[in-house]
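Just below is one structure, and these are the notes that go with it.
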Amino acid sequence: MSAGHARKGGEVGINRDFYKGGQYLPSSENTVKGMQNGPKKGTKKQIAPYTWGVQPEDNLLSIYDRIEHSVIDNRKECQYVKGQGFTGIQVEVLESLCCDYEGVFHPEWYAFRVELARRFNSGERWFPMSEDPFYYLNQK
């Protein structure tokens, strides 16, 4: 194997965790094996239609980015201001868009998205990752 990979049969990395043969070895003693980090501060996300914002803190998610595929909005009635987005944008969750690929409606998805839409309509654009039970890093 090339440098940075565990040797055939496995080996212990500098962080004292065992790595199987071929796995990447850590470059720091502080690396936690298998740890996945959430979104980092400074990342750009879509916070409203055609409007992007820089994430203000670590582990925050964009409300619009999480619900955009299950909502309709009133952008046709709003004025678009370059650099600011649509003035007075409001979203509404459609029940028919809260179904899985087999067409099964999930009331827990719907209720969660309705709450996020309410927060978006009140002016919030970000929410803590820990509040999203469906986010992949929050799955057990």
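Order determines the names: the first chain of the structure tokens is A, the second B, and so forth; residues in each chain are numbered 1 upward, and ligands are numbered 1 upward as they are shown.
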Determine, counting only C-alpha atoms, which protein, DNA and RNA residues have an atom within 12 Å of an atom of Arg7 in chain A; residues of the same chain fewer than 3 positions away are not included. Present the result as a VMD selection string. chain A and resid 1 to 4 10 to 13 18 to 25
Which of range 4-139 of chain A counts as strand (DSSP E or B) under DSSP, as number ranges by chain please? A: 5, 11-12, 18-19, 24, 44-48, 51-54, 60-62, 71-73, 80-81, 85-86, 91-93, 99, 105, 126-128
Put those residues in a file: C-alpha atoms, as a PDB file, in the first residue's frame.
ATOM      1  CA  HIS A   5      -2.486   3.499   4.517  1.00  0.00           C
ATOM      2  CA  GLU A  11      -1.558  -1.585  12.329  1.00  0.00           C
ATOM      3  CA  VAL A  12      -2.015   0.893  15.162  1.00  0.00           C
ATOM      4  CA  PHE A  18      -6.248  -0.053  15.235  1.00  0.00           C
ATOM      5  CA  TYR A  19      -6.667   0.288  11.457  1.00  0.00           C
ATOM      6  CA  TYR A  24      -6.176   5.494   5.821  1.00  0.00           C
ATOM      7  CA  LYS A  44     -22.180  28.798   1.745  1.00  0.00           C
ATOM      8  CA  LYS A  45     -25.716  27.407   1.554  1.00  0.00           C
ATOM      9  CA  GLN A  46     -28.892  28.469  -0.190  1.00  0.00           C
ATOM     10  CA  ILE A  47     -30.948  30.348   2.431  1.00  0.00           C
ATOM     11  CA  ALA A  48     -33.820  31.412   0.135  1.00  0.00           C
ATOM     12  CA  THR A  51     -30.009  33.671  -2.308  1.00  0.00           C
ATOM     13  CA  TRP A  52     -26.895  32.227  -0.717  1.00  0.00           C
ATOM     14  CA  GLY A  53     -25.539  32.934   2.754  1.00  0.00           C
ATOM     15  CA  VAL A  54     -22.411  32.092   4.697  1.00  0.00           C
ATOM     16  CA  LEU A  60     -25.999  25.021  11.649  1.00  0.00           C
ATOM     17  CA  LEU A  61     -28.212  23.982   8.749  1.00  0.00           C
ATOM     18  CA  SER A  62     -30.003  26.215   6.275  1.00  0.00           C
ATOM     19  CA  VAL A  71     -42.447  23.587  -0.451  1.00  0.00           C
ATOM     20  CA  ILE A  72     -43.977  26.097  -2.812  1.00  0.00           C
ATOM     21  CA  ASP A  73     -43.349  29.812  -2.471  1.00  0.00           C
ATOM     22  CA  TYR A  80     -36.214  40.472  -6.409  1.00  0.00           C
ATOM     23  CA  VAL A  81     -33.460  42.710  -5.040  1.00  0.00           C
ATOM     24  CA  GLY A  85     -33.182  38.055  -2.660  1.00  0.00           C
ATOM     25  CA  PHE A  86     -36.965  38.200  -2.836  1.00  0.00           C
ATOM     26  CA  VAL A  91     -43.096  29.187   1.800  1.00  0.00           C
ATOM     27  CA  GLU A  92     -45.776  26.559   2.310  1.00  0.00           C
ATOM     28  CA  VAL A  93     -45.204  22.815   2.722  1.00  0.00           C
ATOM     29  CA  CYS A  99     -43.925  11.084   0.626  1.00  0.00           C
ATOM     30  CA  PHE A 105     -46.916   9.722   3.346  1.00  0.00           C
ATOM     31  CA  TRP A 126     -30.453  28.786  10.111  1.00  0.00           C
ATOM     32  CA  PHE A 127     -31.179  26.173  12.769  1.00  0.00           C
ATOM     33  CA  PRO A 128     -28.982  23.830  14.883  1.00  0.00           C
TER      34      PRO A 128
END
Please identify the helix (DSSP H, G or I) residues within range 39-94 of chain A (assignment by DSSP from backbone atoms) and present them as a PyMOL selection string. chain A and resi 63-70+75-77
Write out, as a PDB file, in the first residue's frame, the residues just selected, with C-alpha atoms.
ATOM      1  CA  ILE A  63     -33.759  25.993   6.757  1.00  0.00           C
ATOM      2  CA  TYR A  64     -34.453  26.567   3.075  1.00  0.00           C
ATOM      3  CA  ASP A  65     -31.851  24.020   2.005  1.00  0.00           C
ATOM      4  CA  ARG A  66     -33.604  21.363   4.134  1.00  0.00           C
ATOM      5  CA  ILE A  67     -37.170  22.065   2.912  1.00  0.00           C
ATOM      6  CA  GLU A  68     -36.835  23.462  -0.618  1.00  0.00           C
ATOM      7  CA  HIS A  69     -37.968  20.235  -2.314  1.00  0.00           C
ATOM      8  CA  SER A  70     -41.192  19.986  -0.317  1.00  0.00           C
ATOM      9  CA  ARG A  75     -41.819  34.483  -5.414  1.00  0.00           C
ATOM     10  CA  LYS A  76     -44.027  35.521  -8.349  1.00  0.00           C
ATOM     11  CA  GLU A  77     -45.646  38.146  -6.115  1.00  0.00           C
TER      12      GLU A  77
END
Compare A:Gly83, A:Pro39, A:Leu94, A:Glu102 by their minimum atom-to-atom distance to Val114 in chain A, counting only C-alpha atoms, and give me the closest one. A:Leu94
Go through A:Pro26, A:Ile14, A:Ala6, A:Gln90 one by one, measure the shortest atom-to-atom distance of each to Arg119 in chain A using only C-alpha atoms, and give the residue with the smallest value. A:Gln90
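One distance worth recording is that between CA of Asp132 in chain A and CA of Asp58 in chain A, which is 14.7 Å.
Residues in contact with Asp100 in chain A at up to 12 Å, not including ones fewer than 6 positions away on its chain and judged by only C-alpha atoms, are Ser70, His106, Pro107, Trp109 and Tyr110 of chain A.
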